[in-house]
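K.L.:
Got a structure for you, my_file-v2.cif, holding mmCIF, C-alpha atoms.
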```cif
data_target
#
loop_
_atom_site.label_atom_id
_atom_site.label_comp_id
_atom_site.auth_asym_id
_atom_site.auth_seq_id
_atom_site.Cartn_x
_atom_site.Cartn_y
_atom_site.Cartn_z
CA MET K 5 83.97 125.00 85.51
CA ARG K 6 83.25 124.79 89.23
CA ILE K 7 83.06 121.01 89.15
CA THR K 8 86.47 120.86 87.49
CA THR K 9 87.93 123.14 90.15
CA LEU K 10 86.39 121.10 92.96
CA LEU K 11 87.68 117.86 91.47
CA LEU K 12 91.14 119.36 91.10
CA ALA K 13 91.04 120.53 94.72
CA ALA K 14 89.95 117.07 95.88
CA VAL K 15 92.74 115.35 93.95
CA THR K 16 95.28 117.81 95.32
CA ALA K 17 94.08 117.31 98.89
CA VAL K 18 94.25 113.53 98.59
CA SER K 19 97.71 113.74 97.04
CA LEU K 20 99.01 116.02 99.78
CA SER K 21 97.49 113.89 102.54
CA GLY K 22 100.26 111.36 101.94
CA CYS K 23 102.78 113.98 103.04
CA VAL K 24 101.45 113.99 106.59
CA SER K 25 100.58 110.29 106.93
CA ASN K 26 103.87 109.51 108.72
CA PRO K 27 103.66 110.87 112.28
CA ASN K 28 107.47 111.24 112.47
CA SER K 29 107.76 113.14 109.19
CA PRO K 30 109.20 116.67 109.43
CA THR K 31 106.41 117.81 107.08
CA ASN K 32 103.84 116.78 109.68
CA ASN K 33 103.76 119.97 111.75
CA ALA K 34 101.31 122.75 112.49
CA ALA K 35 102.93 125.19 110.03
CA VAL K 36 102.57 122.83 107.06
CA ARG K 37 98.99 122.01 108.04
CA THR K 38 98.16 125.71 108.40
CA ILE K 39 99.56 126.59 104.97
CA GLY K 40 97.86 123.61 103.36
CA GLY K 41 94.56 124.50 105.02
CA ALA K 42 94.82 128.09 103.82
CA ALA K 43 95.47 126.98 100.25
CA ALA K 44 92.65 124.46 100.29
CA GLY K 45 90.26 126.96 101.85
CA ALA K 46 91.03 129.59 99.21
CA VAL K 47 90.56 127.12 96.35
CA ILE K 48 87.27 125.81 97.72
CA ALA K 49 85.94 129.31 98.43
CA ASP K 50 86.86 130.42 94.90
CA ALA K 51 85.18 127.38 93.39
CA THR K 52 81.99 127.93 95.35
CA GLY K 53 81.83 131.68 94.71
CA GLY K 54 82.88 132.81 98.17
CA SER K 55 85.62 135.14 99.34
CA LYS K 56 89.08 133.64 98.84
CA THR K 57 90.42 135.61 101.79
CA LYS K 58 87.78 134.31 104.18
CA GLY K 59 88.24 130.80 102.82
CA ALA K 60 91.99 130.99 103.39
CA LEU K 61 91.50 132.25 106.94
CA VAL K 62 89.06 129.48 107.83
CA GLY K 63 91.25 126.87 106.13
CA ALA K 64 94.34 128.06 107.99
CA LEU K 65 92.49 127.90 111.30
CA VAL K 66 91.23 124.39 110.64
CA GLY K 67 94.60 123.21 109.39
CA GLY K 68 96.43 124.67 112.37
CA VAL K 69 94.21 123.11 115.01
CA SER K 70 94.11 119.73 113.24
CA CYS K 71 97.16 118.66 115.26
CA GLY K 72 94.98 118.13 118.32
CA VAL K 73 92.07 116.34 116.62
CA PRO K 74 91.64 112.76 117.85
CA GLY K 75 92.02 110.26 115.04
CA LEU K 76 94.53 112.34 113.09
CA PRO K 77 98.26 111.86 113.49
CA ALA K 78 99.77 114.14 116.09
CA CYS K 79 102.12 116.87 114.88
CA TYR K 80 105.86 116.22 114.81
#
```
Rewrite the structure of this file - the entire thing - as structure tokens.
P.N.:
Amino acid sequence: MRITTLLLAAVTAVSLSGCVSNPNSPTNNAAVRTIGGAAAGAVIADATGGSKTKGALVGALVGGVSCGVPGLPACY
């Protein structure tokens, strides 16, 4: 069951990564990255037996600060 959930999360993350691949896209902003990070963090934490709340918080933090990470497209 956990492997299925992790595979589903991976497929979802890869699918959503296309939404932020265009640097000039209105979906490429800190709010969208924060929400996406929170969702991904909660799913991964649930799949690995951790706290969904803590996973969502960590995911939101990582997603929000990803705008300033070198190598990733800057936020719109």
K.L.:
Env of Ala34 of chain K: 10 Å cut, atoms = all atoms listed in the file, seq-sep filter 5 positions within chain, self excluded. Answer as a count of residues only.
P.N.:
12
K.L.:
Can you tell me, as a PyMOL selection string, what residues are no more than 10 Å from Ala13 of chain K when counting only C-alpha atoms, ignoring any on the same chain fewer than 5 positions away?
P.N.:
chain K and resi 7-8+18-19+43-45+47-48+51
K.L.:
Between atom CA of Ala14 of chain K and atom CA of Val73 of chain K, measure the distance and give it in Å to one decimal.
P.N.:
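Interatomic distance here is 20.9 Å.
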K.L.:
So the first atom is atom CA of Asn32 of chain K and the second is atom CA of Ala46 of chain K; what is the distance between them in Å, to one decimal place?
P.N.:
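Computing the Euclidean distance for atom CA of Asn32 of chain K and atom CA of Ala46 of chain K yields 20.9 Å.
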K.L.:
Would you work out the distance separating atom CA of Leu10 of chain K from atom CA of Ala49 of chain K, expressed in Å to one decimal?
P.N.:
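Straight-line distance from atom CA of Leu10 of chain K to atom CA of Ala49 of chain K works out to 9.9 Å.
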K.L.:
Under the rule that all atoms listed in the file are counted, which of K:Gly75, K:Ala35, K:Leu12, K:Ala42 is the nearest residue to Lys56 of chain K?
P.N.:
K:Ala42
K.L.:
As lines of an AutoDock Vina configuration file, what would the box around segment 51-70 of chain K look like: edges along x, y and z, 6 Å added on every side, centre and edge lengths in Å to one decimal?
P.N.:
```
center_x = 89.1
center_y = 127.7
center_z = 104.2
size_x = 26.6
size_y = 27.9
size_z = 33.6
```
